[in-house]
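A short worksheet on the structure shown next.
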Amino acid sequence: MVTRILPAVGDADAARSVTTLLSQLPDAEPARPVADSTLLLDTLAQLAGESVADLPEVVLVHERVGPVPALELVREVALRFPAVGVVLLTADAGPGVYSAAMDAGARGVVGLPLSYDELSARLQAAANWATGMRRHLTADPTLPAGSGGTVITVSGAKGGVGTTTLAVQLALAARSVGTHVALVDMDLQSGDVASYLDVQFRRSIADLAGIKDISPRVLQDVVMHHETGIGLLLAPGEGERGEEVDERTVRQVIGALRSRYHVVIVDCGAQLTGANAAAIETADGAVLVVTPDVVTVRAAKRTVRMWDRLQVRKAEDTLAVVNRHTRGTEIQPPLVQRIVGTQVARTAVPAGFKELQPAVDSGRMQDLDDRGTVKQAMWALAGELGLGQGPEDGPVGHGRSRRSKYRNDRGSIGVRRRRGGHGGAGRGRGGAPAAGRPAGEG
């Protein structure tokens with residue numbers, strides 16, 4: 001049996017050493033090493049978008065791959081691509097690191113410098129495990145094939161551009177076609193999702209900080225089940241508690257939600273922190289909300305450049321959405337695209353303060369008038385993203401829903417992937433939930 005191996009090694013010298021040794025292994029088919037965690041997740045997502053069979057049997061993660069810490073990257077790959085065996089390469093192969101790697105989901109640990117016999121044994125064991133896992137997955141066509149639910153982040157170029165309004169409506173639109181949806185408020189110091197949906201809460205995402213393993217039971221205790229059917233994971237009521245939520249917590253939370261919900265919408269606000277940067281980096285798609293004025297467009301350009309410098313997100317993997325659009329303004333979507341350097345959604349959300357005001361003041365965004373142009377545009381945008389029912393789609397009834405166009409493809413907004421069949425975002429070929437019942441229901 002040929003074992004396909006994808007190494008993730010940041011250092012050029014270490015990459016050459018790993019590649020040389022892998023080429024000497026019998027029945028091994030090593031791919032060209034990827035230089036960072038972002039490229040590794042992108043590559044795996046693209047392969048998983050076709051089928052489980054296209055994924056490599058083994059992924060090698062070098063301890064200095066970056067920018068995501070090696071153990072967190074092992075955890076991310078293990079959660080999103082359960083049919084792949086992950087092996088960690090580390091100079092410290094002691095009991096502590098070994099235990100941490102196993103907890104993260106690794107199938108083996110190999111010490112540095114590399115030993116032919118040790119590497120061969122660990123790779124063979126991981127490949128055998130991956131083969132057995134794939135046999136189990138393909139035996140049941142209702143199981144999800146790939147990385148679980150679809151995660152979309154919504155960020156603002158600056159404060160007050162309508163980020164939370166759009167995030168809430170995208171979640172409602174996704175829920176309307178029968179998918180299980182979670183809405184996460186990652187604007188940790190000044191989140192307003194609870195106010196927009198008129199809920200009182202005691203637990204928040206800050207209660208998950210410091211928990212090493214976020215189990216389904218732990219997640220269920222924190223996620224609130226809203227009357228609309230959406231699971232809410234809210235920002236802390238005390239803004240200072242937002243500092244408790246670090247990058248590691250966010251990666252664990254996103255991974256746990258991805259395995260329990262078909263669609264996860266994350267409101268990241270307008271400020272970039274380590275926590276929401278982790279959400280933007282690991283998401284399948286990132287939306288940047290822009291209003292058609294000079295100040296906001298310049299802010300959007302700064303944001304996109306900052307994301308690129310910090311290796312959070314590439315401009316071509318970001319989708320700008322023009323909110324409060326009017327035909328009379330000089331700044332139109334094509335100009336936004338040229339200035340900001342991202343793709344721009346075909347759907348622009350019109351200005352409609354009178355439509356929004358009653359729903360905002362009452363804290364019931366779910367009651368926004370279906371006949372209003374603002375809601376129609378936001379739900380059309382959800383259809384464009386593959387999350388809900390767009391205007392070009394027929395009625396969705398009798399439990400019928402639509403597979404997300406961007407499922408299993410991190411950063412693929414704007415690239416229309418058409419696949420056969422129908423199913424909710426993050427569902428398997430039979431339309432079954434990604435994993436059991438969603439948190440907060442039951």
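Following the order of the structure tokens, chains are lettered A, B, ..., residues in each are numbered from 1, and ligands are numbered from 1.
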Closest atom pairs, region 354-389 of chain A residues within 12 Å of region 205-228 of chain A, only C-alpha atoms, as CSV:
```
residue,atom,partner,partner_atom,distance
A:Arg364,CA,A:Thr228,CA,10.7
A:Met365,CA,A:Thr228,CA,10.7
A:Gln366,CA,A:Thr228,CA,7.6
A:Asp367,CA,A:Thr228,CA,10.3
```
Give me the residues within 9 Å of Asp11 (chain A) as a PDB file with all heavy atoms, in the first residue's frame, counting only C-alpha atoms and dropping any in the same chain fewer than 3 places off.
```
ATOM      1  N   ALA A  14      15.407  22.006   7.514  1.00  0.00           N
ATOM      2  CA  ALA A  14      14.672  20.884   8.087  1.00  0.00           C
ATOM      3  C   ALA A  14      13.772  20.224   7.047  1.00  0.00           C
ATOM      4  O   ALA A  14      13.616  18.995   7.026  1.00  0.00           O
ATOM      5  CB  ALA A  14      13.837  21.358   9.273  1.00  0.00           C
ATOM      6  N   ALA A  15      13.185  21.036   6.146  1.00  0.00           N
ATOM      7  CA  ALA A  15      12.322  20.490   5.091  1.00  0.00           C
ATOM      8  C   ALA A  15      13.108  19.574   4.166  1.00  0.00           C
ATOM      9  O   ALA A  15      12.635  18.507   3.766  1.00  0.00           O
ATOM     10  CB  ALA A  15      11.669  21.626   4.303  1.00  0.00           C
ATOM     11  N   ARG A  16      14.337  20.004   3.803  1.00  0.00           N
ATOM     12  CA  ARG A  16      15.168  19.157   2.939  1.00  0.00           C
ATOM     13  C   ARG A  16      15.528  17.852   3.632  1.00  0.00           C
ATOM     14  O   ARG A  16      15.516  16.779   3.017  1.00  0.00           O
ATOM     15  CB  ARG A  16      16.427  19.911   2.537  1.00  0.00           C
ATOM     16  CG  ARG A  16      16.214  20.943   1.446  1.00  0.00           C
ATOM     17  CD  ARG A  16      17.522  21.450   0.893  1.00  0.00           C
ATOM     18  NE  ARG A  16      18.267  22.199   1.896  1.00  0.00           N
ATOM     19  CZ  ARG A  16      18.159  23.516   2.067  1.00  0.00           C
ATOM     20  NH1 ARG A  16      17.314  24.199   1.303  1.00  0.00           N
ATOM     21  NH2 ARG A  16      18.854  24.138   2.983  1.00  0.00           N
ATOM     22  N   ALA A  35       4.967  25.251   3.963  1.00  0.00           N
ATOM     23  CA  ALA A  35       5.856  26.050   4.808  1.00  0.00           C
ATOM     24  C   ALA A  35       5.206  26.586   6.074  1.00  0.00           C
ATOM     25  O   ALA A  35       5.909  27.025   6.977  1.00  0.00           O
ATOM     26  CB  ALA A  35       6.424  27.213   3.994  1.00  0.00           C
ATOM     27  N   HIS A  62       6.050  19.616  11.926  1.00  0.00           N
ATOM     28  CA  HIS A  62       7.314  19.959  12.578  1.00  0.00           C
ATOM     29  C   HIS A  62       7.047  20.937  13.717  1.00  0.00           C
ATOM     30  O   HIS A  62       6.155  21.782  13.632  1.00  0.00           O
ATOM     31  CB  HIS A  62       8.269  20.577  11.561  1.00  0.00           C
ATOM     32  CG  HIS A  62       9.690  20.670  12.025  1.00  0.00           C
ATOM     33  ND1 HIS A  62      10.145  21.711  12.814  1.00  0.00           N
ATOM     34  CD2 HIS A  62      10.752  19.855  11.824  1.00  0.00           C
ATOM     35  CE1 HIS A  62      11.427  21.531  13.069  1.00  0.00           C
ATOM     36  NE2 HIS A  62      11.833  20.414  12.481  1.00  0.00           N
ATOM     37  N   ARG A  64       8.436  23.555  14.667  1.00  0.00           N
ATOM     38  CA  ARG A  64       8.622  24.979  14.391  1.00  0.00           C
ATOM     39  C   ARG A  64       7.921  25.412  13.112  1.00  0.00           C
ATOM     40  O   ARG A  64       8.373  26.327  12.428  1.00  0.00           O
ATOM     41  CB  ARG A  64      10.124  25.298  14.273  1.00  0.00           C
ATOM     42  CG  ARG A  64      10.908  25.075  15.557  1.00  0.00           C
ATOM     43  CD  ARG A  64      12.287  25.725  15.503  1.00  0.00           C
ATOM     44  NE  ARG A  64      13.059  25.245  14.368  1.00  0.00           N
ATOM     45  CZ  ARG A  64      13.849  24.180  14.404  1.00  0.00           C
ATOM     46  NH1 ARG A  64      13.938  23.473  15.520  1.00  0.00           N
ATOM     47  NH2 ARG A  64      14.526  23.800  13.343  1.00  0.00           N
ATOM     48  N   VAL A  65       6.782  24.788  12.790  1.00  0.00           N
ATOM     49  CA  VAL A  65       6.123  25.110  11.529  1.00  0.00           C
ATOM     50  C   VAL A  65       5.570  26.534  11.528  1.00  0.00           C
ATOM     51  O   VAL A  65       5.736  27.265  10.575  1.00  0.00           O
ATOM     52  CB  VAL A  65       5.025  24.064  11.206  1.00  0.00           C
ATOM     53  CG1 VAL A  65       3.957  24.059  12.269  1.00  0.00           C
ATOM     54  CG2 VAL A  65       4.436  24.297   9.837  1.00  0.00           C
TER      55      VAL A  65
END
```
What are the closest atom pairs, with distances in Å to one decimal, for each residue of region 308-389 of chain A lying within 12 Å of region 271-285 of chain A, using only C-alpha atoms, rows by chain and rising residue number, as a tab-separated table?
```
residue	atom	partner	partner_atom	distance
A:Asp308	CA	A:Glu281	CA	10.5
A:Leu310	CA	A:Ala277	CA	9.1
A:Gln311	CA	A:Glu281	CA	8.1
A:Val312	CA	A:Glu281	CA	5.0
A:Arg313	CA	A:Glu281	CA	5.9
A:Lys314	CA	A:Glu281	CA	9.4
A:Ala315	CA	A:Gly285	CA	11.6
A:Glu316	CA	A:Gly285	CA	10.9
A:Asp317	CA	A:Gly285	CA	7.2
A:Thr318	CA	A:Gly285	CA	7.0
A:Leu319	CA	A:Gly285	CA	7.8
A:Ala320	CA	A:Gly285	CA	11.0
A:Gln343	CA	A:Gly285	CA	11.9
A:Leu385	CA	A:Gly285	CA	8.8
A:Gly386	CA	A:Gly285	CA	10.9
A:Leu387	CA	A:Gly285	CA	11.3
```
Selected residues written out with N, CA and C atoms, as a PDB file, in the first residue's frame:
```
ATOM      1  N   ASP A 308      -2.910  40.451   6.291  1.00  0.00           N
ATOM      2  CA  ASP A 308      -1.895  39.821   5.446  1.00  0.00           C
ATOM      3  C   ASP A 308      -0.529  39.837   6.129  1.00  0.00           C
ATOM      4  N   LEU A 310       0.140  39.908   9.291  1.00  0.00           N
ATOM      5  CA  LEU A 310       0.128  39.022  10.457  1.00  0.00           C
ATOM      6  C   LEU A 310      -0.181  37.572  10.088  1.00  0.00           C
ATOM      7  N   GLN A 311      -0.313  37.300   8.785  1.00  0.00           N
ATOM      8  CA  GLN A 311      -0.616  35.961   8.280  1.00  0.00           C
ATOM      9  C   GLN A 311      -1.925  35.422   8.855  1.00  0.00           C
ATOM     10  N   VAL A 312      -2.867  36.335   9.036  1.00  0.00           N
ATOM     11  CA  VAL A 312      -4.192  35.938   9.503  1.00  0.00           C
ATOM     12  C   VAL A 312      -5.062  35.515   8.325  1.00  0.00           C
ATOM     13  N   ARG A 313      -5.013  36.308   7.265  1.00  0.00           N
ATOM     14  CA  ARG A 313      -5.860  36.053   6.102  1.00  0.00           C
ATOM     15  C   ARG A 313      -5.300  36.784   4.890  1.00  0.00           C
ATOM     16  N   LYS A 314      -5.348  36.151   3.742  1.00  0.00           N
ATOM     17  CA  LYS A 314      -4.925  36.804   2.514  1.00  0.00           C
ATOM     18  C   LYS A 314      -6.082  37.610   1.929  1.00  0.00           C
ATOM     19  N   ALA A 315      -5.726  38.671   1.202  1.00  0.00           N
ATOM     20  CA  ALA A 315      -6.759  39.524   0.623  1.00  0.00           C
ATOM     21  C   ALA A 315      -7.668  38.748  -0.321  1.00  0.00           C
ATOM     22  N   GLU A 316      -7.077  37.854  -1.107  1.00  0.00           N
ATOM     23  CA  GLU A 316      -7.886  37.109  -2.079  1.00  0.00           C
ATOM     24  C   GLU A 316      -8.806  36.100  -1.408  1.00  0.00           C
ATOM     25  N   ASP A 317      -8.587  35.824  -0.122  1.00  0.00           N
ATOM     26  CA  ASP A 317      -9.444  34.897   0.610  1.00  0.00           C
ATOM     27  C   ASP A 317     -10.473  35.627   1.482  1.00  0.00           C
ATOM     28  N   THR A 318     -10.629  36.914   1.255  1.00  0.00           N
ATOM     29  CA  THR A 318     -11.564  37.734   2.033  1.00  0.00           C
ATOM     30  C   THR A 318     -12.646  38.284   1.110  1.00  0.00           C
ATOM     31  N   LEU A 319     -13.856  38.339   1.602  1.00  0.00           N
ATOM     32  CA  LEU A 319     -14.975  38.878   0.831  1.00  0.00           C
ATOM     33  C   LEU A 319     -15.477  40.155   1.484  1.00  0.00           C
ATOM     34  N   ALA A 320     -15.402  41.259   0.772  1.00  0.00           N
ATOM     35  CA  ALA A 320     -15.945  42.522   1.281  1.00  0.00           C
ATOM     36  C   ALA A 320     -17.428  42.621   0.922  1.00  0.00           C
ATOM     37  N   GLN A 343     -12.127  40.479  -2.994  1.00  0.00           N
ATOM     38  CA  GLN A 343     -13.345  40.278  -3.754  1.00  0.00           C
ATOM     39  C   GLN A 343     -14.482  41.028  -3.072  1.00  0.00           C
ATOM     40  N   LEU A 385     -23.344  33.075  -0.241  1.00  0.00           N
ATOM     41  CA  LEU A 385     -22.310  32.381   0.517  1.00  0.00           C
ATOM     42  C   LEU A 385     -22.571  30.887   0.646  1.00  0.00           C
ATOM     43  N   GLY A 386     -23.741  30.447   0.189  1.00  0.00           N
ATOM     44  CA  GLY A 386     -24.085  29.040   0.315  1.00  0.00           C
ATOM     45  C   GLY A 386     -24.614  28.676   1.676  1.00  0.00           C
ATOM     46  N   LEU A 387     -25.079  29.658   2.448  1.00  0.00           N
ATOM     47  CA  LEU A 387     -25.542  29.402   3.815  1.00  0.00           C
ATOM     48  C   LEU A 387     -27.048  29.294   3.915  1.00  0.00           C
TER      49      LEU A 387
END
```
Quiz item: So which bits of region 97-286 of chain A end up helix (DSSP H, G or I) when you DSSP the backbone, as a ChimeraX atom specification?
Solution: /A:97-104,116-139,163-176,193-196,205-208,216-222,239-244,247-260,274-282
Residue subset to file, keeping C-alpha atoms, as a PDB file, in the first residue's frame:
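Output below, filename again16.pdb:
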```pdb
ATOM      1  CA  VAL A  97       5.291  16.383  25.150  1.00  0.00           C
ATOM      2  CA  TYR A  98       4.186  12.876  24.184  1.00  0.00           C
ATOM      3  CA  SER A  99       1.175  13.102  26.488  1.00  0.00           C
ATOM      4  CA  ALA A 100       0.261  16.583  25.219  1.00  0.00           C
ATOM      5  CA  ALA A 101       0.531  15.410  21.600  1.00  0.00           C
ATOM      6  CA  MET A 102      -1.727  12.428  22.250  1.00  0.00           C
ATOM      7  CA  ASP A 103      -4.257  14.689  23.963  1.00  0.00           C
ATOM      8  CA  ALA A 104      -4.198  16.946  20.898  1.00  0.00           C
ATOM      9  CA  TYR A 116      14.936   6.106   9.790  1.00  0.00           C
ATOM     10  CA  ASP A 117      13.590   3.205  11.850  1.00  0.00           C
ATOM     11  CA  GLU A 118      11.580   5.360  14.238  1.00  0.00           C
ATOM     12  CA  LEU A 119      10.100   7.496  11.467  1.00  0.00           C
ATOM     13  CA  SER A 120       9.189   4.439   9.399  1.00  0.00           C
ATOM     14  CA  ALA A 121       7.468   2.752  12.344  1.00  0.00           C
ATOM     15  CA  ARG A 122       5.446   5.828  13.330  1.00  0.00           C
ATOM     16  CA  LEU A 123       4.388   6.566   9.760  1.00  0.00           C
ATOM     17  CA  GLN A 124       3.284   2.982   9.198  1.00  0.00           C
ATOM     18  CA  ALA A 125       1.222   2.967  12.393  1.00  0.00           C
ATOM     19  CA  ALA A 126      -0.428   6.316  11.516  1.00  0.00           C
ATOM     20  CA  ALA A 127      -1.133   5.183   7.946  1.00  0.00           C
ATOM     21  CA  ASN A 128      -2.740   1.937   9.134  1.00  0.00           C
ATOM     22  CA  TRP A 129      -4.931   3.902  11.543  1.00  0.00           C
ATOM     23  CA  ALA A 130      -5.962   6.355   8.782  1.00  0.00           C
ATOM     24  CA  THR A 131      -6.840   3.498   6.433  1.00  0.00           C
ATOM     25  CA  GLY A 132      -9.064   1.887   9.048  1.00  0.00           C
ATOM     26  CA  MET A 133     -10.737   5.202   9.818  1.00  0.00           C
ATOM     27  CA  ARG A 134     -11.515   5.816   6.139  1.00  0.00           C
ATOM     28  CA  ARG A 135     -12.961   2.351   5.791  1.00  0.00           C
ATOM     29  CA  HIS A 136     -15.260   3.189   8.702  1.00  0.00           C
ATOM     30  CA  LEU A 137     -16.252   6.590   7.266  1.00  0.00           C
ATOM     31  CA  THR A 138     -16.998   5.368   3.759  1.00  0.00           C
ATOM     32  CA  ALA A 139     -19.028   2.455   5.110  1.00  0.00           C
ATOM     33  CA  THR A 163     -21.259  43.868  11.531  1.00  0.00           C
ATOM     34  CA  THR A 164     -23.526  42.389  14.215  1.00  0.00           C
ATOM     35  CA  THR A 165     -26.700  43.029  12.227  1.00  0.00           C
ATOM     36  CA  LEU A 166     -25.255  41.127   9.270  1.00  0.00           C
ATOM     37  CA  ALA A 167     -23.933  38.277  11.430  1.00  0.00           C
ATOM     38  CA  VAL A 168     -27.333  37.800  13.075  1.00  0.00           C
ATOM     39  CA  GLN A 169     -29.196  37.828   9.760  1.00  0.00           C
ATOM     40  CA  LEU A 170     -26.754  35.380   8.155  1.00  0.00           C
ATOM     41  CA  ALA A 171     -27.336  33.005  11.066  1.00  0.00           C
ATOM     42  CA  LEU A 172     -31.121  33.378  10.770  1.00  0.00           C
ATOM     43  CA  ALA A 173     -30.975  32.794   7.017  1.00  0.00           C
ATOM     44  CA  ALA A 174     -28.890  29.654   7.471  1.00  0.00           C
ATOM     45  CA  ARG A 175     -31.310  28.391  10.116  1.00  0.00           C
ATOM     46  CA  SER A 176     -34.273  28.994   7.821  1.00  0.00           C
ATOM     47  CA  VAL A 193     -25.505  39.836  19.911  1.00  0.00           C
ATOM     48  CA  ALA A 194     -27.387  39.292  23.196  1.00  0.00           C
ATOM     49  CA  SER A 195     -28.956  42.768  22.921  1.00  0.00           C
ATOM     50  CA  TYR A 196     -29.934  42.252  19.282  1.00  0.00           C
ATOM     51  CA  ILE A 205     -17.332  32.120  25.985  1.00  0.00           C
ATOM     52  CA  ALA A 206     -15.137  33.310  28.864  1.00  0.00           C
ATOM     53  CA  ASP A 207     -16.363  30.311  30.872  1.00  0.00           C
ATOM     54  CA  LEU A 208     -14.588  28.046  28.377  1.00  0.00           C
ATOM     55  CA  PRO A 216     -19.888  18.151  24.006  1.00  0.00           C
ATOM     56  CA  ARG A 217     -21.313  18.265  27.555  1.00  0.00           C
ATOM     57  CA  VAL A 218     -19.174  21.291  28.489  1.00  0.00           C
ATOM     58  CA  LEU A 219     -20.155  23.032  25.259  1.00  0.00           C
ATOM     59  CA  GLN A 220     -23.833  22.316  25.841  1.00  0.00           C
ATOM     60  CA  ASP A 221     -23.670  23.932  29.276  1.00  0.00           C
ATOM     61  CA  VAL A 222     -22.371  27.206  27.810  1.00  0.00           C
ATOM     62  CA  GLY A 239     -15.840  43.370  29.063  1.00  0.00           C
ATOM     63  CA  GLU A 240     -12.659  42.872  31.070  1.00  0.00           C
ATOM     64  CA  ARG A 241     -13.306  39.113  31.079  1.00  0.00           C
ATOM     65  CA  GLY A 242     -12.679  39.109  27.357  1.00  0.00           C
ATOM     66  CA  GLU A 243      -8.952  39.029  28.134  1.00  0.00           C
ATOM     67  CA  GLU A 244      -9.419  35.511  29.538  1.00  0.00           C
ATOM     68  CA  GLU A 247      -6.064  32.069  20.919  1.00  0.00           C
ATOM     69  CA  ARG A 248      -5.916  28.492  22.155  1.00  0.00           C
ATOM     70  CA  THR A 249      -9.413  28.687  23.641  1.00  0.00           C
ATOM     71  CA  VAL A 250     -10.832  30.041  20.387  1.00  0.00           C
ATOM     72  CA  ARG A 251      -9.281  27.281  18.299  1.00  0.00           C
ATOM     73  CA  GLN A 252     -10.743  24.662  20.621  1.00  0.00           C
ATOM     74  CA  VAL A 253     -14.153  26.342  20.645  1.00  0.00           C
ATOM     75  CA  ILE A 254     -14.285  26.649  16.845  1.00  0.00           C
ATOM     76  CA  GLY A 255     -13.243  23.022  16.463  1.00  0.00           C
ATOM     77  CA  ALA A 256     -15.890  21.851  18.929  1.00  0.00           C
ATOM     78  CA  LEU A 257     -18.634  23.925  17.308  1.00  0.00           C
ATOM     79  CA  ARG A 258     -17.601  22.808  13.833  1.00  0.00           C
ATOM     80  CA  SER A 259     -18.182  19.184  14.835  1.00  0.00           C
ATOM     81  CA  ARG A 260     -21.611  19.920  16.357  1.00  0.00           C
ATOM     82  CA  GLY A 274      -5.374  37.262  19.289  1.00  0.00           C
ATOM     83  CA  ALA A 275      -8.711  35.560  19.935  1.00  0.00           C
ATOM     84  CA  ASN A 276     -10.681  36.769  16.919  1.00  0.00           C
ATOM     85  CA  ALA A 277      -7.553  36.575  14.737  1.00  0.00           C
ATOM     86  CA  ALA A 278      -7.513  32.837  15.455  1.00  0.00           C
ATOM     87  CA  ALA A 279     -11.179  32.622  14.423  1.00  0.00           C
ATOM     88  CA  ILE A 280     -10.563  34.517  11.163  1.00  0.00           C
ATOM     89  CA  GLU A 281      -7.538  32.388  10.354  1.00  0.00           C
ATOM     90  CA  THR A 282      -9.252  29.030  10.868  1.00  0.00           C
TER      91      THR A 282
END
```
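If you measure from each of A:Pro358, A:Pro333, A:Gly363, A:Gly149 to Val263 (chain A) using only C-alpha atoms, the closest one turns out to be A:Gly149.
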